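Here the structure is laid out as structure tokens; the discussion comes afterwards.
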Amino acid sequence: MKTQEEKFEDIYQLTHYAFQFEQSEAYRNRLQYIVDHSKHYASYDGENLASQIIETSLKVQFFNQTFDMTGIGFVASDPCYRGGGRIDQLMTQIIQDAKEKDVLFSYLAPFSYPFYRRYGYELIFERIAYKMPSSEWPDSKRVAGYVRRLDWTQAKPELQAIYTVSKENKHGGLLREDWWYDYKFSIQRPYYFAVYYNEKNEAEGYLVYQIKDGIFNCAEWVCLTGNAYNSLNRYIATHKESVREIHYEQGYNKSNSFFMQERPIASATIRPEMMVRIIDIEKFLTIFDFSNLSQSFAIVIEEDNYAPWNTGIYEVHADTQKISKVEKTTLPTLTLTVQRFTQLFLGYKTLTELAFYDFVKVEEELIAVIEAVMPTQTPVLEDYF
């Protein structure tokens, strides 16, 4: 029987090999921290760690509610064992365990979208990235209030308070636990923290950033007011003479700040990022808001191999908002995979878009009925695991 220290050494060495990070005490400490707050799913060949997944239990926000989510990370196999189905076995177990624990969502950052799509995950989140010479970064007007640079101990409660009330992270974002703030911003991370205060000395926005090799890299920028945005943007602009480039990324919500700037940023890159899986369709439908539904209909979920309990027909009744799983239905139907269901019901894609590309089967007159109750807010995520 291996000790916990020996098991962690296995995790560290396989993670290092799979992701080719620079070995250091700093990375070891950070990996140890996430492992201590997670569950390690492992497949061994005798004493050899062949494959692994680190599963972290977190909470996410949708529809003004908070739900349990299982985060998938550090998926790796020793090359000697790749193609042997070990990751498949581990993913099957994770999905089954999530169902048994009433966990509704699972998130992951894919190395391959097709690979994880087979497990029922689908693209939900995008990011927008700005990279430019510092001289081209647009400035903002001077506003009331002030910015102060704080150390982590001072900044942490301000970041927690601002992030918690920010509306930008209420549809898909994490409800960050205390330990996650330390993992994300403090454990072996050389970040600076700047906080904007209004005229009443109330914190209304913050920047988390690094300066290295002549690059100002903004890791997170959250604002509760326009004054917070303008003041923190001016704070970034004050670094124009001391850095050669400014980089900034954020979750893409189909919007940007171009309209606010006298000289808009000339280019930005939008890319796909994390995927989501709904573990239990029936449970999800019971928490979804169908109060404005004008006509009953049925949802047909095509075969879900890794969560077979999802496969089937679900009737949604307009008069009672009751959800019934049935063998047959006479109601007009929407037929789709669990992946397309996720994109539609979490607000990433509209039914009109999915129908246009034949990703769903739906009667024409039913499209407007269903779209009337779909989310209008784009899912956004500022965390990565």
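Scheme for the structure tokens: letters A, B, ... for chains in order shown; per-chain residue numbers from 1; ligand numbers from 1 in order shown.
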
Contact residues around Arg148 of chain A with only C-alpha atoms at 12 Å, ignoring same-chain residues under 3 positions, as a VMD selection string: chain A and resid 145 151 154 to 155 158 192 to 198 201 to 207 231 to 232 235

Those same residues - N, CA, C and O atoms - I'd like them written as a PDB file, in the first residue's frame.
```pdb
ATOM      1  N   GLY A 145     -13.267  59.201  -7.213  1.00  0.00           N
ATOM      2  CA  GLY A 145     -12.791  57.979  -6.596  1.00  0.00           C
ATOM      3  C   GLY A 145     -11.293  57.819  -6.795  1.00  0.00           C
ATOM      4  O   GLY A 145     -10.618  58.685  -7.350  1.00  0.00           O
ATOM      5  N   ASP A 151      -1.723  44.404  -1.115  1.00  0.00           N
ATOM      6  CA  ASP A 151      -1.176  43.047  -1.099  1.00  0.00           C
ATOM      7  C   ASP A 151      -2.344  42.068  -0.984  1.00  0.00           C
ATOM      8  O   ASP A 151      -3.499  42.467  -0.816  1.00  0.00           O
ATOM      9  N   GLN A 154      -4.755  42.215   2.074  1.00  0.00           N
ATOM     10  CA  GLN A 154      -5.674  43.362   2.021  1.00  0.00           C
ATOM     11  C   GLN A 154      -6.702  43.222   0.901  1.00  0.00           C
ATOM     12  O   GLN A 154      -7.869  43.581   1.047  1.00  0.00           O
ATOM     13  N   ALA A 155      -6.263  42.674  -0.216  1.00  0.00           N
ATOM     14  CA  ALA A 155      -7.118  42.640  -1.407  1.00  0.00           C
ATOM     15  C   ALA A 155      -8.173  41.546  -1.351  1.00  0.00           C
ATOM     16  O   ALA A 155      -9.270  41.708  -1.897  1.00  0.00           O
ATOM     17  N   GLU A 158     -11.799  42.336  -0.453  1.00  0.00           N
ATOM     18  CA  GLU A 158     -12.387  43.250  -1.430  1.00  0.00           C
ATOM     19  C   GLU A 158     -12.762  42.489  -2.708  1.00  0.00           C
ATOM     20  O   GLU A 158     -13.842  42.677  -3.269  1.00  0.00           O
ATOM     21  N   TYR A 192      -0.228  41.205  -8.810  1.00  0.00           N
ATOM     22  CA  TYR A 192      -0.503  42.492  -8.168  1.00  0.00           C
ATOM     23  C   TYR A 192      -2.019  42.670  -8.119  1.00  0.00           C
ATOM     24  O   TYR A 192      -2.748  42.141  -8.961  1.00  0.00           O
ATOM     25  N   PHE A 193      -2.471  43.476  -7.146  1.00  0.00           N
ATOM     26  CA  PHE A 193      -3.903  43.710  -6.979  1.00  0.00           C
ATOM     27  C   PHE A 193      -4.163  45.201  -6.844  1.00  0.00           C
ATOM     28  O   PHE A 193      -3.528  45.876  -6.022  1.00  0.00           O
ATOM     29  N   ALA A 194      -5.070  45.711  -7.673  1.00  0.00           N
ATOM     30  CA  ALA A 194      -5.458  47.123  -7.610  1.00  0.00           C
ATOM     31  C   ALA A 194      -6.967  47.190  -7.412  1.00  0.00           C
ATOM     32  O   ALA A 194      -7.724  46.517  -8.126  1.00  0.00           O
ATOM     33  N   VAL A 195      -7.421  48.002  -6.470  1.00  0.00           N
ATOM     34  CA  VAL A 195      -8.842  48.103  -6.137  1.00  0.00           C
ATOM     35  C   VAL A 195      -9.299  49.549  -6.297  1.00  0.00           C
ATOM     36  O   VAL A 195      -8.602  50.481  -5.860  1.00  0.00           O
ATOM     37  N   TYR A 196     -10.453  49.725  -6.939  1.00  0.00           N
ATOM     38  CA  TYR A 196     -11.043  51.059  -7.080  1.00  0.00           C
ATOM     39  C   TYR A 196     -12.035  51.301  -5.943  1.00  0.00           C
ATOM     40  O   TYR A 196     -12.885  50.448  -5.641  1.00  0.00           O
ATOM     41  N   TYR A 197     -11.947  52.495  -5.335  1.00  0.00           N
ATOM     42  CA  TYR A 197     -12.864  52.924  -4.286  1.00  0.00           C
ATOM     43  C   TYR A 197     -13.599  54.176  -4.741  1.00  0.00           C
ATOM     44  O   TYR A 197     -12.987  55.083  -5.322  1.00  0.00           O
ATOM     45  N   ASN A 198     -14.890  54.236  -4.473  1.00  0.00           N
ATOM     46  CA  ASN A 198     -15.665  55.425  -4.829  1.00  0.00           C
ATOM     47  C   ASN A 198     -15.462  56.532  -3.792  1.00  0.00           C
ATOM     48  O   ASN A 198     -14.653  56.391  -2.859  1.00  0.00           O
ATOM     49  N   ASN A 201     -15.499  55.681  -0.213  1.00  0.00           N
ATOM     50  CA  ASN A 201     -14.494  54.684   0.172  1.00  0.00           C
ATOM     51  C   ASN A 201     -15.030  53.252   0.106  1.00  0.00           C
ATOM     52  O   ASN A 201     -14.592  52.368   0.870  1.00  0.00           O
ATOM     53  N   GLU A 202     -15.953  53.026  -0.814  1.00  0.00           N
ATOM     54  CA  GLU A 202     -16.512  51.695  -1.029  1.00  0.00           C
ATOM     55  C   GLU A 202     -15.858  51.053  -2.263  1.00  0.00           C
ATOM     56  O   GLU A 202     -15.768  51.684  -3.319  1.00  0.00           O
ATOM     57  N   ALA A 203     -15.414  49.822  -2.124  1.00  0.00           N
ATOM     58  CA  ALA A 203     -14.755  49.129  -3.227  1.00  0.00           C
ATOM     59  C   ALA A 203     -15.781  48.759  -4.302  1.00  0.00           C
ATOM     60  O   ALA A 203     -16.804  48.146  -4.002  1.00  0.00           O
ATOM     61  N   GLU A 204     -15.510  49.148  -5.551  1.00  0.00           N
ATOM     62  CA  GLU A 204     -16.446  48.889  -6.647  1.00  0.00           C
ATOM     63  C   GLU A 204     -15.802  48.210  -7.859  1.00  0.00           C
ATOM     64  O   GLU A 204     -16.469  47.979  -8.865  1.00  0.00           O
ATOM     65  N   GLY A 205     -14.535  47.857  -7.762  1.00  0.00           N
ATOM     66  CA  GLY A 205     -13.886  47.185  -8.883  1.00  0.00           C
ATOM     67  C   GLY A 205     -12.464  46.819  -8.537  1.00  0.00           C
ATOM     68  O   GLY A 205     -11.870  47.362  -7.602  1.00  0.00           O
ATOM     69  N   TYR A 206     -11.926  45.847  -9.299  1.00  0.00           N
ATOM     70  CA  TYR A 206     -10.545  45.444  -9.038  1.00  0.00           C
ATOM     71  C   TYR A 206      -9.874  44.931 -10.299  1.00  0.00           C
ATOM     72  O   TYR A 206     -10.517  44.511 -11.261  1.00  0.00           O
ATOM     73  N   LEU A 207      -8.548  44.969 -10.260  1.00  0.00           N
ATOM     74  CA  LEU A 207      -7.679  44.378 -11.273  1.00  0.00           C
ATOM     75  C   LEU A 207      -6.755  43.375 -10.603  1.00  0.00           C
ATOM     76  O   LEU A 207      -6.229  43.642  -9.517  1.00  0.00           O
ATOM     77  N   SER A 231     -11.778  54.298 -14.065  1.00  0.00           N
ATOM     78  CA  SER A 231     -10.640  54.548 -13.191  1.00  0.00           C
ATOM     79  C   SER A 231      -9.590  53.438 -13.305  1.00  0.00           C
ATOM     80  O   SER A 231      -8.389  53.705 -13.380  1.00  0.00           O
ATOM     81  N   LEU A 232     -10.035  52.185 -13.356  1.00  0.00           N
ATOM     82  CA  LEU A 232      -9.093  51.077 -13.486  1.00  0.00           C
ATOM     83  C   LEU A 232      -8.468  51.040 -14.878  1.00  0.00           C
ATOM     84  O   LEU A 232      -7.304  50.650 -15.031  1.00  0.00           O
ATOM     85  N   TYR A 235      -5.770  53.391 -14.802  1.00  0.00           N
ATOM     86  CA  TYR A 235      -4.665  52.795 -14.044  1.00  0.00           C
ATOM     87  C   TYR A 235      -3.811  51.913 -14.967  1.00  0.00           C
ATOM     88  O   TYR A 235      -2.571  51.966 -14.924  1.00  0.00           O
TER      89      TYR A 235
END
```

Per residue of segment 216-287 of chain A within 10 Å of segment 85-101 of chain A, which atom pair is closest and at what distance in Å (one decimal), using only C-alpha atoms, listed by chain and increasing number, as a Markdown table?
```
| residue | atom | partner | partner_atom | distance |
| --- | --- | --- | --- | --- |
| A:Arg277 | CA | A:Ile95 | CA | 9.4 |
| A:Ile278 | CA | A:Ile95 | CA | 9.8 |
| A:Ile279 | CA | A:Lys99 | CA | 6.3 |
| A:Asp280 | CA | A:Lys99 | CA | 6.8 |
```

Picked from segment 116-313 of chain A by DSSP as alpha helix (DSSP H), as a PyMOL selection string: chain A and resi 116-117+152-165+178-185+226-237+281-287

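For the pair atom CA of Ile53 of chain A and atom CA of His37 of chain A, the interatomic distance is 13.5 Å.
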
Counting only C-alpha atoms, the option among A:Gln250, A:Trp179, A:His171, A:Ile367 closest to Val208 of chain A: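 Ranking A:Gln250, A:Trp179, A:His171, A:Ile367 by distance to Val208 of chain A, first place goes to A:Gln250.
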
One-decimal distance in Å that lies between atom CA of Ala219 of chain A and atom CA of His247 of chain A: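 Going from atom CA of His247 of chain A over to atom CA of Ala219 of chain A covers 8.7 Å.
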
Name all residues at most 10 Å from segment 292-299 of chain A (count only C-alpha atoms; drop same-chain ones fewer than 6 positions away) and give them as a PDB file with N, CA, C and O atoms, in the first residue's frame.
```pdb
ATOM      1  N   GLY A 312     -34.360   9.463 -23.537  1.00  0.00           N
ATOM      2  CA  GLY A 312     -35.807   9.276 -23.428  1.00  0.00           C
ATOM      3  C   GLY A 312     -36.608  10.507 -23.779  1.00  0.00           C
ATOM      4  O   GLY A 312     -36.087  11.475 -24.348  1.00  0.00           O
ATOM      5  N   ILE A 313     -37.890  10.457 -23.435  1.00  0.00           N
ATOM      6  CA  ILE A 313     -38.856  11.508 -23.784  1.00  0.00           C
ATOM      7  C   ILE A 313     -39.322  12.205 -22.514  1.00  0.00           C
ATOM      8  O   ILE A 313     -39.734  11.552 -21.543  1.00  0.00           O
ATOM      9  N   TYR A 314     -39.277  13.538 -22.536  1.00  0.00           N
ATOM     10  CA  TYR A 314     -39.711  14.339 -21.390  1.00  0.00           C
ATOM     11  C   TYR A 314     -40.818  15.287 -21.842  1.00  0.00           C
ATOM     12  O   TYR A 314     -40.594  16.129 -22.722  1.00  0.00           O
ATOM     13  N   GLU A 315     -41.973  15.146 -21.244  1.00  0.00           N
ATOM     14  CA  GLU A 315     -43.078  16.058 -21.551  1.00  0.00           C
ATOM     15  C   GLU A 315     -43.007  17.267 -20.627  1.00  0.00           C
ATOM     16  O   GLU A 315     -42.831  17.122 -19.406  1.00  0.00           O
ATOM     17  N   VAL A 316     -43.144  18.452 -21.205  1.00  0.00           N
ATOM     18  CA  VAL A 316     -43.163  19.698 -20.447  1.00  0.00           C
ATOM     19  C   VAL A 316     -44.558  20.289 -20.593  1.00  0.00           C
ATOM     20  O   VAL A 316     -44.977  20.648 -21.697  1.00  0.00           O
ATOM     21  N   HIS A 317     -45.293  20.386 -19.488  1.00  0.00           N
ATOM     22  CA  HIS A 317     -46.688  20.799 -19.527  1.00  0.00           C
ATOM     23  C   HIS A 317     -46.822  22.288 -19.205  1.00  0.00           C
ATOM     24  O   HIS A 317     -46.402  22.741 -18.143  1.00  0.00           O
ATOM     25  N   ALA A 318     -47.397  23.013 -20.141  1.00  0.00           N
ATOM     26  CA  ALA A 318     -47.479  24.466 -20.021  1.00  0.00           C
ATOM     27  C   ALA A 318     -48.364  24.910 -18.872  1.00  0.00           C
ATOM     28  O   ALA A 318     -48.083  25.916 -18.210  1.00  0.00           O
ATOM     29  N   ASP A 319     -49.437  24.195 -18.602  1.00  0.00           N
ATOM     30  CA  ASP A 319     -50.389  24.638 -17.578  1.00  0.00           C
ATOM     31  C   ASP A 319     -49.856  24.445 -16.161  1.00  0.00           C
ATOM     32  O   ASP A 319     -50.114  25.255 -15.264  1.00  0.00           O
ATOM     33  N   THR A 320     -49.086  23.386 -15.939  1.00  0.00           N
ATOM     34  CA  THR A 320     -48.609  23.082 -14.588  1.00  0.00           C
ATOM     35  C   THR A 320     -47.090  23.197 -14.439  1.00  0.00           C
ATOM     36  O   THR A 320     -46.576  23.139 -13.322  1.00  0.00           O
ATOM     37  N   GLN A 321     -46.366  23.352 -15.561  1.00  0.00           N
ATOM     38  CA  GLN A 321     -44.897  23.295 -15.601  1.00  0.00           C
ATOM     39  C   GLN A 321     -44.362  21.956 -15.083  1.00  0.00           C
ATOM     40  O   GLN A 321     -43.195  21.832 -14.693  1.00  0.00           O
ATOM     41  N   LYS A 322     -45.200  20.939 -15.064  1.00  0.00           N
ATOM     42  CA  LYS A 322     -44.795  19.615 -14.614  1.00  0.00           C
ATOM     43  C   LYS A 322     -43.948  18.928 -15.684  1.00  0.00           C
ATOM     44  O   LYS A 322     -44.213  19.048 -16.869  1.00  0.00           O
ATOM     45  N   ILE A 323     -42.938  18.202 -15.237  1.00  0.00           N
ATOM     46  CA  ILE A 323     -42.077  17.434 -16.129  1.00  0.00           C
ATOM     47  C   ILE A 323     -42.379  15.954 -15.954  1.00  0.00           C
ATOM     48  O   ILE A 323     -42.375  15.444 -14.826  1.00  0.00           O
ATOM     49  N   SER A 324     -42.656  15.270 -17.048  1.00  0.00           N
ATOM     50  CA  SER A 324     -42.961  13.843 -16.981  1.00  0.00           C
ATOM     51  C   SER A 324     -42.084  13.091 -17.971  1.00  0.00           C
ATOM     52  O   SER A 324     -42.052  13.438 -19.157  1.00  0.00           O
ATOM     53  N   LYS A 325     -41.385  12.055 -17.500  1.00  0.00           N
ATOM     54  CA  LYS A 325     -40.643  11.195 -18.409  1.00  0.00           C
ATOM     55  C   LYS A 325     -41.566  10.068 -18.839  1.00  0.00           C
ATOM     56  O   LYS A 325     -42.108   9.337 -17.988  1.00  0.00           O
ATOM     57  N   VAL A 326     -41.758   9.928 -20.133  1.00  0.00           N
ATOM     58  CA  VAL A 326     -42.764   9.008 -20.663  1.00  0.00           C
ATOM     59  C   VAL A 326     -42.146   8.092 -21.729  1.00  0.00           C
ATOM     60  O   VAL A 326     -41.059   8.354 -22.253  1.00  0.00           O
ATOM     61  N   LYS A 328     -43.998   7.229 -24.575  1.00  0.00           N
ATOM     62  CA  LYS A 328     -44.483   7.764 -25.839  1.00  0.00           C
ATOM     63  C   LYS A 328     -45.135   9.113 -25.582  1.00  0.00           C
ATOM     64  O   LYS A 328     -45.515   9.434 -24.455  1.00  0.00           O
ATOM     65  N   THR A 329     -45.285   9.913 -26.637  1.00  0.00           N
ATOM     66  CA  THR A 329     -45.932  11.215 -26.491  1.00  0.00           C
ATOM     67  C   THR A 329     -46.691  11.575 -27.747  1.00  0.00           C
ATOM     68  O   THR A 329     -46.327  11.142 -28.856  1.00  0.00           O
ATOM     69  N   THR A 330     -47.749  12.345 -27.556  1.00  0.00           N
ATOM     70  CA  THR A 330     -48.509  12.883 -28.694  1.00  0.00           C
ATOM     71  C   THR A 330     -48.263  14.376 -28.844  1.00  0.00           C
ATOM     72  O   THR A 330     -48.816  15.016 -29.741  1.00  0.00           O
ATOM     73  N   LEU A 331     -47.403  14.921 -27.986  1.00  0.00           N
ATOM     74  CA  LEU A 331     -47.108  16.347 -28.035  1.00  0.00           C
ATOM     75  C   LEU A 331     -46.125  16.641 -29.165  1.00  0.00           C
ATOM     76  O   LEU A 331     -45.353  15.771 -29.571  1.00  0.00           O
ATOM     77  N   PRO A 332     -46.118  17.887 -29.670  1.00  0.00           N
ATOM     78  CA  PRO A 332     -45.078  18.270 -30.633  1.00  0.00           C
ATOM     79  C   PRO A 332     -43.710  18.137 -29.966  1.00  0.00           C
ATOM     80  O   PRO A 332     -43.567  18.411 -28.767  1.00  0.00           O
ATOM     81  N   THR A 333     -42.701  17.718 -30.729  1.00  0.00           N
ATOM     82  CA  THR A 333     -41.447  17.350 -30.108  1.00  0.00           C
ATOM     83  C   THR A 333     -40.246  18.170 -30.581  1.00  0.00           C
ATOM     84  O   THR A 333     -40.205  18.663 -31.707  1.00  0.00           O
ATOM     85  N   LEU A 334     -39.273  18.271 -29.676  1.00  0.00           N
ATOM     86  CA  LEU A 334     -37.940  18.794 -29.950  1.00  0.00           C
ATOM     87  C   LEU A 334     -36.983  17.638 -29.726  1.00  0.00           C
ATOM     88  O   LEU A 334     -36.891  17.122 -28.604  1.00  0.00           O
ATOM     89  N   THR A 335     -36.292  17.192 -30.766  1.00  0.00           N
ATOM     90  CA  THR A 335     -35.384  16.054 -30.672  1.00  0.00           C
ATOM     91  C   THR A 335     -33.948  16.538 -30.827  1.00  0.00           C
ATOM     92  O   THR A 335     -33.631  17.237 -31.801  1.00  0.00           O
ATOM     93  N   LEU A 336     -33.096  16.155 -29.876  1.00  0.00           N
ATOM     94  CA  LEU A 336     -31.708  16.632 -29.899  1.00  0.00           C
ATOM     95  C   LEU A 336     -30.833  15.773 -29.005  1.00  0.00           C
ATOM     96  O   LEU A 336     -31.330  14.980 -28.204  1.00  0.00           O
ATOM     97  N   PHE A 341     -28.774  19.997 -26.270  1.00  0.00           N
ATOM     98  CA  PHE A 341     -29.657  20.410 -25.171  1.00  0.00           C
ATOM     99  C   PHE A 341     -28.915  21.376 -24.255  1.00  0.00           C
ATOM    100  O   PHE A 341     -29.457  22.412 -23.851  1.00  0.00           O
ATOM    101  N   VAL A 362     -37.197  19.816 -34.994  1.00  0.00           N
ATOM    102  CA  VAL A 362     -38.258  20.537 -34.305  1.00  0.00           C
ATOM    103  C   VAL A 362     -39.257  21.057 -35.323  1.00  0.00           C
ATOM    104  O   VAL A 362     -38.878  21.444 -36.439  1.00  0.00           O
ATOM    105  N   LEU A 366     -43.065  25.381 -33.335  1.00  0.00           N
ATOM    106  CA  LEU A 366     -42.654  25.209 -31.950  1.00  0.00           C
ATOM    107  C   LEU A 366     -41.430  26.055 -31.590  1.00  0.00           C
ATOM    108  O   LEU A 366     -41.169  26.302 -30.412  1.00  0.00           O
ATOM    109  N   ALA A 368     -40.659  29.321 -31.883  1.00  0.00           N
ATOM    110  CA  ALA A 368     -40.919  30.559 -31.139  1.00  0.00           C
ATOM    111  C   ALA A 368     -41.406  30.268 -29.723  1.00  0.00           C
ATOM    112  O   ALA A 368     -41.077  30.998 -28.775  1.00  0.00           O
ATOM    113  N   VAL A 369     -42.170  29.202 -29.563  1.00  0.00           N
ATOM    114  CA  VAL A 369     -42.686  28.813 -28.239  1.00  0.00           C
ATOM    115  C   VAL A 369     -41.526  28.490 -27.295  1.00  0.00           C
ATOM    116  O   VAL A 369     -41.492  28.945 -26.150  1.00  0.00           O
ATOM    117  N   ILE A 370     -40.582  27.715 -27.793  1.00  0.00           N
ATOM    118  CA  ILE A 370     -39.454  27.305 -26.957  1.00  0.00           C
ATOM    119  C   ILE A 370     -38.493  28.465 -26.721  1.00  0.00           C
ATOM    120  O   ILE A 370     -38.029  28.683 -25.592  1.00  0.00           O
ATOM    121  N   GLU A 371     -38.211  29.236 -27.755  1.00  0.00           N
ATOM    122  CA  GLU A 371     -37.267  30.347 -27.592  1.00  0.00           C
ATOM    123  C   GLU A 371     -37.773  31.397 -26.609  1.00  0.00           C
ATOM    124  O   GLU A 371     -36.974  32.104 -25.995  1.00  0.00           O
ATOM    125  N   ALA A 372     -39.070  31.485 -26.430  1.00  0.00           N
ATOM    126  CA  ALA A 372     -39.641  32.471 -25.504  1.00  0.00           C
ATOM    127  C   ALA A 372     -39.258  32.199 -24.051  1.00  0.00           C
ATOM    128  O   ALA A 372     -39.317  33.110 -23.212  1.00  0.00           O
ATOM    129  N   VAL A 373     -38.865  30.958 -23.744  1.00  0.00           N
ATOM    130  CA  VAL A 373     -38.512  30.636 -22.355  1.00  0.00           C
ATOM    131  C   VAL A 373     -37.020  30.335 -22.180  1.00  0.00           C
ATOM    132  O   VAL A 373     -36.581  30.003 -21.079  1.00  0.00           O
ATOM    133  N   MET A 374     -36.246  30.452 -23.239  1.00  0.00           N
ATOM    134  CA  MET A 374     -34.812  30.178 -23.142  1.00  0.00           C
ATOM    135  C   MET A 374     -34.059  31.350 -22.510  1.00  0.00           C
ATOM    136  O   MET A 374     -34.498  32.495 -22.598  1.00  0.00           O
TER     137      MET A 374
END
```

Spatial neighbours of Phe216 of chain A, 8 Å, only C-alpha atoms, chain gap at least 6 places, as an MDAnalysis selection string: chainID A and resid 209:210 239 243 245:247

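Residues surrounding Asn310 of chain A within 7 Å are Asp280, Ile281, Ile301, Asp304, Ala307, Pro308 and Gly312 of chain A [only C-alpha atoms; sequence separation below 2 positions excluded].
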
Go ahead and dump the residues you just picked, C-alpha atoms, as an mmCIF file, in the first residue's frame.
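Below is the file part_18.cif, written as the result:
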```
data_model
loop_
_atom_site.group_PDB
_atom_site.id
_atom_site.type_symbol
_atom_site.label_atom_id
_atom_site.label_comp_id
_atom_site.auth_asym_id
_atom_site.auth_seq_id
_atom_site.Cartn_x
_atom_site.Cartn_y
_atom_site.Cartn_z
ATOM 1 C CA ASP A 280 -29.188 14.655 -15.059
ATOM 2 C CA ILE A 281 -31.583 16.049 -17.688
ATOM 3 C CA ILE A 301 -32.988 13.171 -25.792
ATOM 4 C CA ASP A 304 -26.599 9.303 -24.053
ATOM 5 C CA ALA A 307 -25.440 8.764 -18.775
ATOM 6 C CA PRO A 308 -28.106 6.372 -20.079
ATOM 7 C CA GLY A 312 -35.807 9.276 -23.428
#
```

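Remark: for Ile215 of chain A, the closest of the candidate residues A:Ser186, A:Ser134, A:Arg176, A:Ala161 is A:Ser134 (distances computed over only C-alpha atoms).
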
Give me, as JSON lines, the closest atom pair and its distance (Å, one decimal) for every residue of segment 114-183 of chain A within a cut-off of 10 Å of segment 22-34 of chain A, counting only C-alpha atoms, rows sorted by chain and rising number.
```
{"residue": "A:Trp179", "atom": "CA", "partner": "A:Tyr33", "partner_atom": "CA", "distance": 9.3}
{"residue": "A:Trp180", "atom": "CA", "partner": "A:Ile34", "partner_atom": "CA", "distance": 8.8}
{"residue": "A:Asp182", "atom": "CA", "partner": "A:Tyr33", "partner_atom": "CA", "distance": 9.6}
{"residue": "A:Tyr183", "atom": "CA", "partner": "A:Arg30", "partner_atom": "CA", "distance": 7.2}
```

Residues within 10 Å of Ala18 of chain A, please, as a PDB file with N, CA and C atoms, in the first residue's frame. Count only C-alpha atoms; anything in the same chain fewer than 6 positions from it doesn't count.
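Once everything was written out, this is out-v4.pdb:
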```pdb
ATOM      1  N   TYR A  12       2.316  13.932  -9.255  1.00  0.00           N
ATOM      2  CA  TYR A  12       3.196  15.014  -9.688  1.00  0.00           C
ATOM      3  C   TYR A  12       3.990  14.617 -10.935  1.00  0.00           C
ATOM      4  N   PHE A  74      -6.486  17.959 -15.082  1.00  0.00           N
ATOM      5  CA  PHE A  74      -5.260  17.170 -15.018  1.00  0.00           C
ATOM      6  C   PHE A  74      -5.467  15.746 -15.551  1.00  0.00           C
ATOM      7  N   VAL A  75      -6.246  15.643 -16.620  1.00  0.00           N
ATOM      8  CA  VAL A  75      -6.486  14.347 -17.254  1.00  0.00           C
ATOM      9  C   VAL A  75      -5.205  13.916 -17.957  1.00  0.00           C
ATOM     10  N   ALA A  76      -4.688  12.749 -17.594  1.00  0.00           N
ATOM     11  CA  ALA A  76      -3.392  12.343 -18.143  1.00  0.00           C
ATOM     12  C   ALA A  76      -3.251  10.832 -18.134  1.00  0.00           C
ATOM     13  N   SER A  77      -2.519  10.333 -19.118  1.00  0.00           N
ATOM     14  CA  SER A  77      -2.162   8.915 -19.180  1.00  0.00           C
ATOM     15  C   SER A  77      -0.687   8.787 -19.516  1.00  0.00           C
ATOM     16  N   ASP A  78      -0.043   7.844 -18.878  1.00  0.00           N
ATOM     17  CA  ASP A  78       1.308   7.491 -19.281  1.00  0.00           C
ATOM     18  C   ASP A  78       1.235   6.967 -20.717  1.00  0.00           C
ATOM     19  N   PRO A  79       2.141   7.406 -21.598  1.00  0.00           N
ATOM     20  CA  PRO A  79       2.062   6.980 -22.999  1.00  0.00           C
ATOM     21  C   PRO A  79       2.090   5.466 -23.181  1.00  0.00           C
TER      22      PRO A  79
END
```
